[in-house]
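Structure below is model.txt: compact mmCIF, C-alpha atoms (C1' of nucleotides).
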```
# COMPACT_ATOMS: atom_id res chain seq x y z
CA MET A 1034 89.54 -96.75 13.30
CA ALA A 1035 92.31 -96.65 10.73
CA VAL A 1036 92.88 -100.31 11.44
CA HIS A 1037 89.28 -101.02 10.64
CA VAL A 1038 89.60 -99.35 7.25
CA LEU A 1039 92.68 -101.35 6.40
CA ALA A 1040 91.14 -104.55 7.67
CA VAL A 1041 88.22 -104.13 5.31
CA LEU A 1042 90.60 -103.41 2.46
CA ALA A 1043 92.53 -106.54 3.35
CA TYR A 1044 89.29 -108.47 3.42
CA ARG A 1045 88.60 -107.47 -0.18
CA GLU A 1046 92.17 -108.15 -1.13
CA GLY A 1047 93.09 -106.53 -4.40
CA ASP A 1048 89.72 -104.99 -5.09
CA ARG A 1049 89.31 -101.25 -5.05
CA VAL A 1050 86.78 -100.10 -2.48
CA THR A 1051 85.12 -96.69 -2.39
CA SER A 1052 85.17 -94.49 0.65
CA ALA A 1053 81.40 -94.74 0.77
CA ALA A 1054 81.57 -98.52 1.05
CA LEU A 1055 84.24 -98.33 3.74
CA ALA A 1056 82.19 -95.77 5.63
CA GLY A 1057 79.27 -98.18 5.55
CA SER A 1058 81.27 -100.85 7.35
CA ILE A 1059 82.51 -98.50 10.03
CA ASN A 1060 79.18 -96.75 10.46
CA THR A 1061 80.59 -93.35 9.76
CA ASN A 1062 80.85 -90.69 7.10
CA PRO A 1063 82.74 -91.06 3.81
CA VAL A 1064 84.61 -87.85 4.51
CA ILE A 1065 86.04 -89.25 7.71
CA VAL A 1066 87.27 -92.25 5.79
CA ARG A 1067 88.81 -90.09 3.10
CA ARG A 1068 90.71 -88.07 5.68
CA LEU A 1069 92.07 -91.29 7.10
CA LEU A 1070 92.98 -92.49 3.64
CA LEU A 1071 95.01 -89.34 3.05
CA ALA A 1072 97.22 -90.18 5.99
CA LEU A 1073 97.46 -93.79 4.87
CA GLN A 1074 98.42 -92.69 1.38
CA GLN A 1075 101.25 -90.54 2.67
CA ALA A 1076 102.49 -93.54 4.59
CA ARG A 1077 102.34 -95.56 1.37
CA LEU A 1078 99.96 -98.06 2.90
CA VAL A 1079 97.09 -97.63 0.46
CA ASP A 1080 96.77 -96.79 -3.19
CA THR A 1081 93.84 -94.56 -4.14
CA CYS A 1082 92.45 -93.66 -7.56
CA LYS A 1083 89.80 -91.19 -8.56
CA GLY A 1084 86.98 -91.55 -11.01
CA PRO A 1085 84.14 -94.00 -11.61
CA GLY A 1086 84.80 -97.56 -10.53
CA ALA A 1087 87.80 -96.40 -8.57
CA GLY A 1088 88.56 -96.33 -4.84
CA SER A 1089 91.33 -97.56 -2.57
CA ARG A 1090 93.23 -100.78 -2.09
CA LEU A 1091 96.22 -101.90 -0.07
CA ALA A 1092 99.61 -100.90 -1.39
CA ARG A 1093 101.20 -104.07 0.01
CA THR A 1094 99.99 -107.48 1.08
CA PRO A 1095 98.38 -107.63 4.56
CA GLY A 1096 101.32 -109.68 5.75
CA ARG A 1097 103.68 -106.79 5.10
CA ILE A 1098 101.69 -104.15 6.99
CA ASN A 1099 101.92 -104.10 10.76
CA MET A 1100 100.16 -102.20 13.49
CA ALA A 1101 103.12 -99.91 14.10
CA ASP A 1102 102.99 -98.79 10.47
CA ILE A 1103 99.37 -97.85 10.92
CA TYR A 1104 99.95 -96.21 14.27
CA ARG A 1105 102.70 -94.03 12.89
CA ALA A 1106 100.65 -93.12 9.82
CA VAL A 1107 97.65 -92.00 11.80
CA GLU A 1108 98.80 -90.88 15.22
CA ALA A 1109 100.17 -87.43 14.48
CA ALA A 1110 100.36 -86.22 18.08
CA GLU A 1111 102.05 -87.81 21.05
CA PRO A 1112 99.94 -90.01 23.28
CA PHE A 1113 101.19 -88.14 26.33
CA ALA A 1114 99.54 -84.88 27.27
CA THR A 1115 101.93 -82.00 26.82
CA PRO A 1116 101.00 -79.23 29.25
CA SER A 1117 100.00 -76.02 27.55
CA GLN A 1118 101.92 -73.87 29.97
CA LYS A 1119 105.66 -74.02 30.53
CA PRO A 1120 106.77 -74.96 34.03
CA ASN A 1121 108.26 -72.32 36.27
CA GLN A 1122 111.83 -71.97 35.05
CA ALA A 1123 112.89 -70.38 38.32
CA CYS A 1124 112.16 -73.63 40.16
CA PRO A 1125 115.15 -76.01 40.00
CA VAL A 1126 112.87 -78.90 39.14
CA GLY A 1127 110.77 -77.05 36.59
CA HIS A 1128 113.92 -75.98 34.81
CA GLY A 1129 115.04 -79.34 33.48
CA ILE A 1130 112.05 -81.60 33.78
CA ARG A 1131 110.77 -81.24 30.24
CA VAL A 1132 113.85 -82.60 28.55
CA ALA A 1133 114.09 -85.49 30.97
CA LEU A 1134 110.47 -86.49 30.50
CA ASP A 1135 110.63 -86.18 26.73
CA ARG A 1136 113.34 -88.80 26.66
CA ILE A 1137 111.46 -91.16 28.91
CA PHE A 1138 108.25 -90.83 26.94
CA ALA A 1139 110.02 -91.28 23.63
CA SER A 1140 111.48 -94.50 24.94
CA ALA A 1141 108.11 -95.69 26.17
CA GLU A 1142 106.47 -94.94 22.87
CA ALA A 1143 109.23 -96.76 21.03
CA ALA A 1144 108.61 -99.79 23.23
CA MET A 1145 104.95 -99.63 22.38
CA GLU A 1146 105.66 -99.43 18.68
CA ARG A 1147 107.96 -102.43 18.89
CA ASP A 1148 105.08 -104.36 20.38
CA LEU A 1149 102.63 -103.11 17.77
CA ALA A 1150 105.07 -104.11 15.04
CA ARG A 1151 104.71 -107.72 16.13
CA THR A 1152 101.18 -107.92 14.73
CA THR A 1153 100.52 -107.72 11.01
CA LEU A 1154 97.30 -106.77 9.32
CA ALA A 1155 97.05 -110.34 8.04
CA GLN A 1156 97.07 -111.57 11.64
CA VAL A 1157 94.37 -109.09 12.55
CA LEU A 1158 92.26 -110.43 9.74
CA VAL A 1159 92.69 -113.97 10.99
CA ALA A 1160 91.79 -112.84 14.51
CA VAL A 1161 88.67 -111.11 13.26
CA ARG A 1162 87.54 -114.26 11.50
CA THR A 1163 88.32 -116.71 14.29
CA GLY A 1164 87.89 -114.50 17.32
CA LYS A 1165 91.37 -115.23 18.60
CA THR A 1166 94.47 -113.04 18.38
CA ARG A 1167 97.59 -114.74 17.15
CA ARG A 1168 100.99 -113.07 17.48
CA THR A 1169 104.41 -113.77 16.11
CA THR A 1170 106.17 -115.95 18.62
CA GLY A 1171 108.40 -113.65 20.66
CA SER A 1172 111.57 -113.03 18.63
CA MET B 898 102.40 -83.12 34.98
CA ALA B 899 101.94 -85.65 37.74
CA VAL B 900 105.59 -86.50 37.33
CA HIS B 901 106.48 -82.91 37.90
CA VAL B 902 104.58 -82.85 41.17
CA LEU B 903 106.31 -85.96 42.39
CA ALA B 904 109.68 -84.72 41.24
CA VAL B 905 109.30 -81.60 43.35
CA LEU B 906 108.24 -83.71 46.30
CA ALA B 907 111.29 -85.89 45.77
CA TYR B 908 113.44 -82.79 45.60
CA ARG B 909 112.26 -81.76 49.07
CA GLU B 910 112.62 -85.28 50.34
CA GLY B 911 110.75 -85.81 53.56
CA ASP B 912 109.34 -82.32 53.88
CA ARG B 913 105.66 -81.69 53.53
CA VAL B 914 104.87 -79.30 50.69
CA THR B 915 101.59 -77.46 50.24
CA SER B 916 99.59 -77.62 47.06
CA ALA B 917 100.08 -73.88 46.66
CA ALA B 918 103.86 -74.31 46.66
CA LEU B 919 103.66 -77.18 44.17
CA ALA B 920 101.37 -75.13 41.95
CA GLY B 921 103.95 -72.37 41.96
CA SER B 922 106.60 -74.66 40.51
CA ILE B 923 104.33 -75.96 37.78
CA ASN B 924 102.84 -72.58 37.01
CA THR B 925 99.32 -73.72 37.58
CA ASN B 926 96.47 -73.60 40.05
CA PRO B 927 96.53 -75.23 43.52
CA VAL B 928 93.26 -76.98 42.74
CA ILE B 929 94.76 -78.74 39.76
CA VAL B 930 97.55 -79.98 41.97
CA ARG B 931 95.12 -81.16 44.61
CA ARG B 932 93.15 -83.13 42.03
CA LEU B 933 96.37 -84.81 40.97
CA LEU B 934 97.28 -85.51 44.55
CA LEU B 935 93.98 -87.29 45.06
CA ALA B 936 94.87 -89.80 42.36
CA LEU B 937 98.38 -90.15 43.75
CA GLN B 938 96.98 -90.76 47.22
CA GLN B 939 94.76 -93.56 46.00
CA ALA B 940 97.79 -95.12 44.40
CA ARG B 941 99.60 -94.82 47.74
CA LEU B 942 102.34 -92.72 46.19
CA VAL B 943 101.94 -89.66 48.37
CA ASP B 944 100.88 -89.00 51.93
CA THR B 945 98.80 -85.88 52.49
CA CYS B 946 97.74 -84.17 55.71
CA LYS B 947 95.34 -81.34 56.34
CA GLY B 948 95.67 -78.34 58.56
CA PRO B 949 98.17 -75.57 59.11
CA GLY B 950 101.78 -76.44 58.36
CA ALA B 951 100.64 -79.57 56.54
CA GLY B 952 100.84 -80.64 52.89
CA SER B 953 102.05 -83.67 50.95
CA ARG B 954 105.15 -85.80 50.85
CA LEU B 955 106.22 -89.01 49.14
CA ALA B 956 104.91 -92.22 50.64
CA ARG B 957 108.08 -94.11 49.58
CA THR B 958 111.61 -93.20 48.66
CA PRO B 959 112.08 -91.87 45.10
CA GLY B 960 114.03 -95.01 44.26
CA ARG B 961 110.95 -97.12 44.89
CA ILE B 962 108.57 -95.15 42.68
CA ASN B 963 108.77 -95.67 38.95
CA MET B 964 107.17 -94.02 35.96
CA ALA B 965 104.74 -96.89 35.42
CA ASP B 966 103.40 -96.40 38.94
CA ILE B 967 102.72 -92.78 38.16
CA TYR B 968 101.26 -93.52 34.75
CA ARG B 969 98.82 -96.03 36.19
CA ALA B 970 97.85 -93.69 39.02
CA VAL B 971 97.04 -90.79 36.74
CA GLU B 972 96.05 -92.16 33.35
CA ALA B 973 92.49 -93.23 33.96
CA ALA B 974 91.48 -93.65 30.34
CA GLU B 975 93.14 -95.65 27.58
CA PRO B 976 95.64 -93.83 25.39
CA PHE B 977 93.90 -95.17 22.28
CA ALA B 978 90.84 -93.41 21.01
CA THR B 979 87.78 -95.58 21.38
CA PRO B 980 85.27 -94.72 18.65
CA SER B 981 82.00 -93.44 19.98
CA GLN B 982 79.93 -95.40 17.53
CA LYS B 983 79.90 -99.16 17.22
CA PRO B 984 81.05 -100.54 13.88
CA ASN B 985 78.52 -102.05 11.54
CA GLN B 986 77.85 -105.50 12.96
CA ALA B 987 76.46 -106.69 9.64
CA CYS B 988 79.87 -106.29 8.02
CA PRO B 989 82.03 -109.39 8.58
CA VAL B 990 84.99 -107.22 9.51
CA GLY B 991 83.08 -104.84 11.74
CA HIS B 992 81.68 -107.79 13.66
CA GLY B 993 84.85 -109.00 15.33
CA ILE B 994 87.32 -106.16 15.02
CA ARG B 995 86.79 -104.61 18.42
CA VAL B 996 87.81 -107.62 20.42
CA ALA B 997 90.86 -108.20 18.27
CA LEU B 998 92.04 -104.62 18.56
CA ASP B 999 91.44 -104.49 22.29
CA ARG B 1000 93.87 -107.34 22.78
CA ILE B 1001 96.51 -105.78 20.59
CA PHE B 1002 96.24 -102.42 22.31
CA ALA B 1003 96.33 -103.96 25.75
CA SER B 1004 99.54 -105.72 24.81
CA ALA B 1005 101.04 -102.50 23.44
CA GLU B 1006 100.15 -100.61 26.56
CA ALA B 1007 101.66 -103.31 28.71
CA ALA B 1008 104.87 -103.05 26.72
CA MET B 1009 104.90 -99.33 27.28
CA GLU B 1010 104.40 -99.74 31.01
CA ARG B 1011 107.24 -102.22 31.19
CA ASP B 1012 109.47 -99.58 29.64
CA LEU B 1013 108.19 -96.88 31.97
CA ALA B 1014 108.85 -99.16 34.93
CA ARG B 1015 112.55 -99.09 34.08
CA THR B 1016 112.88 -95.47 35.23
CA THR B 1017 112.48 -94.51 38.86
CA LEU B 1018 111.62 -91.11 40.23
CA ALA B 1019 115.10 -90.99 41.72
CA GLN B 1020 116.57 -91.35 38.24
CA VAL B 1021 114.33 -88.59 36.95
CA LEU B 1022 115.62 -86.34 39.70
CA VAL B 1023 119.20 -87.09 38.72
CA ALA B 1024 118.36 -86.40 35.08
CA VAL B 1025 116.76 -83.10 35.96
CA ARG B 1026 119.84 -82.03 37.83
CA THR B 1027 122.43 -83.17 35.29
CA GLY B 1028 120.45 -82.85 32.09
CA LYS B 1029 121.07 -86.48 31.14
CA THR B 1030 118.65 -89.39 31.42
CA ARG B 1031 120.06 -92.52 32.97
CA ARG B 1032 118.21 -95.82 32.77
CA THR B 1033 118.61 -99.18 34.39
CA THR B 1034 120.88 -101.22 32.16
CA GLY B 1035 118.64 -103.40 30.03
CA SER B 1036 117.51 -106.40 32.09
C1' DC C 1363 82.48 -83.47 -25.46
C1' DG C 1364 79.72 -84.08 -21.45
C1' DA C 1365 77.51 -86.77 -17.84
C1' DT C 1366 78.62 -89.57 -14.09
C1' DT C 1367 81.34 -91.22 -10.32
C1' DA C 1368 84.45 -90.82 -7.09
C1' DT C 1369 88.12 -88.33 -4.38
C1' DG C 1370 90.08 -83.82 -2.25
C1' DT C 1371 89.12 -80.22 0.81
C1' DA C 1372 87.15 -76.44 3.32
C1' DA C 1373 83.75 -74.71 6.73
C1' DT C 1374 80.98 -75.63 10.48
C1' DC C 1375 78.86 -78.00 14.53
C1' DG C 1376 78.60 -81.20 18.59
C1' DT C 1377 80.86 -83.88 21.96
C1' DT C 1378 84.40 -85.06 25.10
C1' DA C 1379 88.53 -84.41 27.91
C1' DT C 1380 91.40 -81.53 30.38
C1' DA C 1381 93.12 -77.25 32.43
C1' DG C 1382 91.85 -73.43 34.75
C1' DT C 1383 89.20 -70.50 38.00
C1' DT C 1384 86.21 -69.28 41.79
C1' DA C 1385 83.88 -70.48 45.78
C1' DC C 1386 82.94 -72.81 49.84
C1' DA C 1387 82.94 -76.72 53.24
C1' DT C 1388 86.09 -79.36 56.23
C1' DT C 1389 89.77 -80.55 59.08
C1' DA C 1390 93.63 -79.85 62.20
C1' DA C 1391 97.09 -76.93 64.74
C1' DG C 1392 97.91 -73.45 67.94
C1' DC D 95 88.24 -69.76 67.93
C1' DT D 96 91.24 -68.39 64.46
C1' DT D 97 94.01 -69.77 60.87
C1' DA D 98 96.03 -72.59 57.36
C1' DA D 99 95.59 -76.03 54.69
C1' DT D 100 92.98 -79.77 51.90
C1' DG D 101 88.50 -81.64 49.67
C1' DT D 102 85.14 -80.73 46.40
C1' DA D 103 81.66 -78.72 43.52
C1' DA D 104 80.37 -75.65 39.74
C1' DC D 105 81.50 -73.25 35.90
C1' DT D 106 84.38 -71.56 31.90
C1' DA D 107 87.82 -72.06 28.19
C1' DT D 108 90.34 -74.63 25.05
C1' DA D 109 91.73 -78.37 22.04
C1' DA D 110 90.94 -82.65 19.65
C1' DC D 111 88.05 -85.50 17.13
C1' DG D 112 84.00 -87.18 14.78
C1' DA D 113 80.28 -85.79 11.98
C1' DT D 114 77.93 -83.25 8.38
C1' DT D 115 77.29 -80.29 4.40
C1' DA D 116 79.00 -78.30 0.41
C1' DC D 117 81.72 -77.78 -3.50
C1' DA D 118 85.89 -78.24 -6.59
C1' DT D 119 88.55 -81.65 -9.19
C1' DA D 120 89.80 -85.59 -11.70
C1' DA D 121 88.86 -89.73 -14.44
C1' DT D 122 85.94 -92.95 -16.94
C1' DC D 123 82.46 -94.03 -20.38
C1' DG D 124 78.85 -93.14 -23.42
```

Let's see the structure in the file written out as structure tokens.
Amino acid sequence: MAVHVLAVLAYREGDRVTSAALAGSINTNPVIVRRLLLALQQARLVDTCKGPGAGSRLARTPGRINMADIYRAVEAAEPFATPSQKPNQACPVGHGIRVALDRIFASAEAAMERDLARTTLAQVLVAVRTGKTRRTTGS
Amino acid sequence: MAVHVLAVLAYREGDRVTSAALAGSINTNPVIVRRLLLALQQARLVDTCKGPGAGSRLARTPGRINMADIYRAVEAAEPFATPSQKPNQACPVGHGIRVALDRIFASAEAAMERDLARTTLAQVLVAVRTGKTRRTTGS
DNA sequence: CGATTATGTAATCGTTATAGTTACATTAAG
DNA sequence: CTTAATGTAACTATAACGATTACATAATCG
């Protein structure tokens, strides 16, 4: 959903857009959009002003924002479910499994982010217009 | 958590283990374990028998089961949140964004699975025992 | 200054996913 | 037939997320 917000901002390149207008495009509530914008502000992806005639706009050109930037800005929690309860420490497997899995999952997430980084917001905008996804040619 | 189950099974290589015993190691309920085992059975990762003295064991050696196998067996839904409501189709961005994002996310997930596939259950077992994670040397 | 416009933020509700729990049917071994 | 195990359904609890309402705050413009 964060991508949608940024895509609309990219569409109106340069213009400031209000949270109400963004919410209209996503079919949601302005408050939801504002909460998203807070995260995007902290990540220095958007630039928001208050007051009449104000709103948000991209902090950089769409070509310099990639999907990994957005993912990191928005996705606070890990994509892997962390069990609420600790495993049985008495069991030889339960004892060390957490650390081992954390490493593996961190690596997997890093791989995913590397892939996401290959697509910029500008490319998403082109894909939205044409219906086809274009990627940077592999390294 | 599914990894934990399989790691314990790998630890007792060959032996059949009951869901109650597995639940003891994970500090959870036997029913939870059985629900996991159902998914692992469908993925042909474990072999389960009923009756007294029965239980589950690995269907292949730990060296021939990797993290991507387990991930695919267990993770039914996508890791990316799919908005409940459709975007506003009247908006030029809302119109085509779904398709574009689906492709990007599918690619990212594939990248993650490729990374997960680099670690076998046997390697996890070694890591659990030694406290260090070893991976296959990059391609 | 003061009215208007927009963001920031808290409180609350509904939905969904997952873990957990209890209960019971089913199957296989002895 | 008894017993030990899985298969499965029903229900509860919890957490995450979207949605909604409400209100404080800041900035522009008359």

Practice item. At a cut-off of 12 Å, list the chain A residues touching chain C, using all atoms listed in the file, as an MDAnalysis selection string. Key: chainID A and resid 1049:1054 1063:1068 1070:1071 1081:1089 1114:1118

Residue selection dump (C-alpha atoms) as a compact mmCIF listing (two decimals), keeping the file's coordinate frame:
```
# COMPACT_ATOMS: atom_id res chain seq x y z
CA ARG A 1049 89.31 -101.25 -5.05
CA VAL A 1050 86.78 -100.10 -2.48
CA THR A 1051 85.12 -96.69 -2.39
CA SER A 1052 85.17 -94.49 0.65
CA ALA A 1053 81.40 -94.74 0.77
CA ALA A 1054 81.57 -98.52 1.05
CA PRO A 1063 82.74 -91.06 3.81
CA VAL A 1064 84.61 -87.85 4.51
CA ILE A 1065 86.04 -89.25 7.71
CA VAL A 1066 87.27 -92.25 5.79
CA ARG A 1067 88.81 -90.09 3.10
CA ARG A 1068 90.71 -88.07 5.68
CA LEU A 1070 92.98 -92.49 3.64
CA LEU A 1071 95.01 -89.34 3.05
CA THR A 1081 93.84 -94.56 -4.14
CA CYS A 1082 92.45 -93.66 -7.56
CA LYS A 1083 89.80 -91.19 -8.56
CA GLY A 1084 86.98 -91.55 -11.01
CA PRO A 1085 84.14 -94.00 -11.61
CA GLY A 1086 84.80 -97.56 -10.53
CA ALA A 1087 87.80 -96.40 -8.57
CA GLY A 1088 88.56 -96.33 -4.84
CA SER A 1089 91.33 -97.56 -2.57
CA ALA A 1114 99.54 -84.88 27.27
CA THR A 1115 101.93 -82.00 26.82
CA PRO A 1116 101.00 -79.23 29.25
CA SER A 1117 100.00 -76.02 27.55
CA GLN A 1118 101.92 -73.87 29.97
```

Report as a Markdown table the residues of chain A within 9 Å of chain B, each with its shortest atom pair and distance in Å (one decimal), using only C-alpha atoms, ordered by chain and increasing residue number.
```
| residue | atom | partner | partner_atom | distance |
| --- | --- | --- | --- | --- |
| A:Met1034 | CA | B:Pro980 | CA | 7.1 |
| A:Val1036 | CA | B:Leu998 | CA | 8.4 |
| A:His1037 | CA | B:Ile994 | CA | 7.0 |
| A:Ala1040 | CA | B:Val990 | CA | 7.0 |
| A:Val1041 | CA | B:Val990 | CA | 6.1 |
| A:Tyr1044 | CA | B:Val990 | CA | 7.6 |
| A:Gly1057 | CA | B:Asn985 | CA | 7.2 |
| A:Ser1058 | CA | B:Asn985 | CA | 5.2 |
| A:Ile1059 | CA | B:Pro984 | CA | 4.6 |
| A:Asn1060 | CA | B:Pro984 | CA | 5.4 |
| A:Thr1061 | CA | B:Gln982 | CA | 8.1 |
| A:Met1100 | CA | B:Ile1001 | CA | 8.7 |
| A:Pro1112 | CA | B:Pro976 | CA | 6.1 |
| A:Phe1113 | CA | B:Pro976 | CA | 8.0 |
| A:Ala1114 | CA | B:Met898 | CA | 8.4 |
| A:Thr1115 | CA | B:Met898 | CA | 8.2 |
| A:Pro1116 | CA | B:Met898 | CA | 7.1 |
| A:Gln1118 | CA | B:Asn924 | CA | 7.2 |
| A:Lys1119 | CA | B:Asn924 | CA | 7.2 |
| A:Pro1120 | CA | B:Ile923 | CA | 4.6 |
| A:Asn1121 | CA | B:Ser922 | CA | 5.1 |
| A:Gln1122 | CA | B:Ser922 | CA | 8.0 |
| A:Ala1123 | CA | B:Ser922 | CA | 7.9 |
| A:Cys1124 | CA | B:Ser922 | CA | 5.7 |
| A:Pro1125 | CA | B:Arg1026 | CA | 7.9 |
| A:Val1126 | CA | B:Val905 | CA | 6.1 |
| A:Gly1127 | CA | B:Ser922 | CA | 6.2 |
| A:His1128 | CA | B:Val1025 | CA | 7.8 |
| A:Gly1129 | CA | B:Val1025 | CA | 4.8 |
| A:Ile1130 | CA | B:Val1025 | CA | 5.4 |
| A:Arg1131 | CA | B:Val1025 | CA | 8.5 |
| A:Val1132 | CA | B:Gly1028 | CA | 7.5 |
| A:Ala1133 | CA | B:Ala1024 | CA | 6.0 |
| A:Leu1134 | CA | B:Val1021 | CA | 7.8 |
| A:Arg1136 | CA | B:Thr1030 | CA | 7.2 |
| A:Ile1137 | CA | B:Leu1013 | CA | 7.3 |
| A:Phe1138 | CA | B:Leu1013 | CA | 7.9 |
| A:Ser1140 | CA | B:Asp1012 | CA | 7.2 |
| A:Ala1141 | CA | B:Met1009 | CA | 5.0 |
| A:Glu1142 | CA | B:Met1009 | CA | 6.4 |
| A:Ala1143 | CA | B:Met1009 | CA | 8.0 |
| A:Ala1144 | CA | B:Met1009 | CA | 5.5 |
| A:Met1145 | CA | B:Met1009 | CA | 4.9 |
| A:Glu1146 | CA | B:Ala1005 | CA | 7.3 |
| A:Arg1147 | CA | B:Ala1005 | CA | 8.3 |
| A:Asp1148 | CA | B:Ala1005 | CA | 5.4 |
| A:Leu1149 | CA | B:Ala1005 | CA | 5.9 |
| A:Thr1152 | CA | B:Ile1001 | CA | 7.8 |
| A:Val1157 | CA | B:Ala997 | CA | 6.8 |
| A:Leu1158 | CA | B:Val990 | CA | 8.0 |
| A:Ala1160 | CA | B:Ala997 | CA | 6.0 |
| A:Val1161 | CA | B:Gly993 | CA | 4.8 |
| A:Arg1162 | CA | B:Gly993 | CA | 7.0 |
| A:Thr1163 | CA | B:Gly993 | CA | 8.5 |
| A:Gly1164 | CA | B:Gly993 | CA | 6.6 |
| A:Lys1165 | CA | B:Ala997 | CA | 7.1 |
| A:Thr1166 | CA | B:Ala997 | CA | 6.0 |
```

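Applying a distance limit of 12 Å to all atoms listed in the file, the residues of chain D near chain A read DT108, DA109, DA110, DC111, DG112, DA113, DT114, DT115, DA116, DT119, DA120, DA121, DT122 and DC123 of chain D.
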
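Take atom CA of A:Val1107 and atom CA of A:Ala1035: the distance between them is 7.2 Å.
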
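From atom CA of A:Thr1169 back to atom CA of A:Arg1090, the distance works out to 25.0 Å.
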
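For the atom pair formed by atom CA of A:Val1079 and atom CA of A:Ala1139, the distance is 27.3 Å, given to one decimal.
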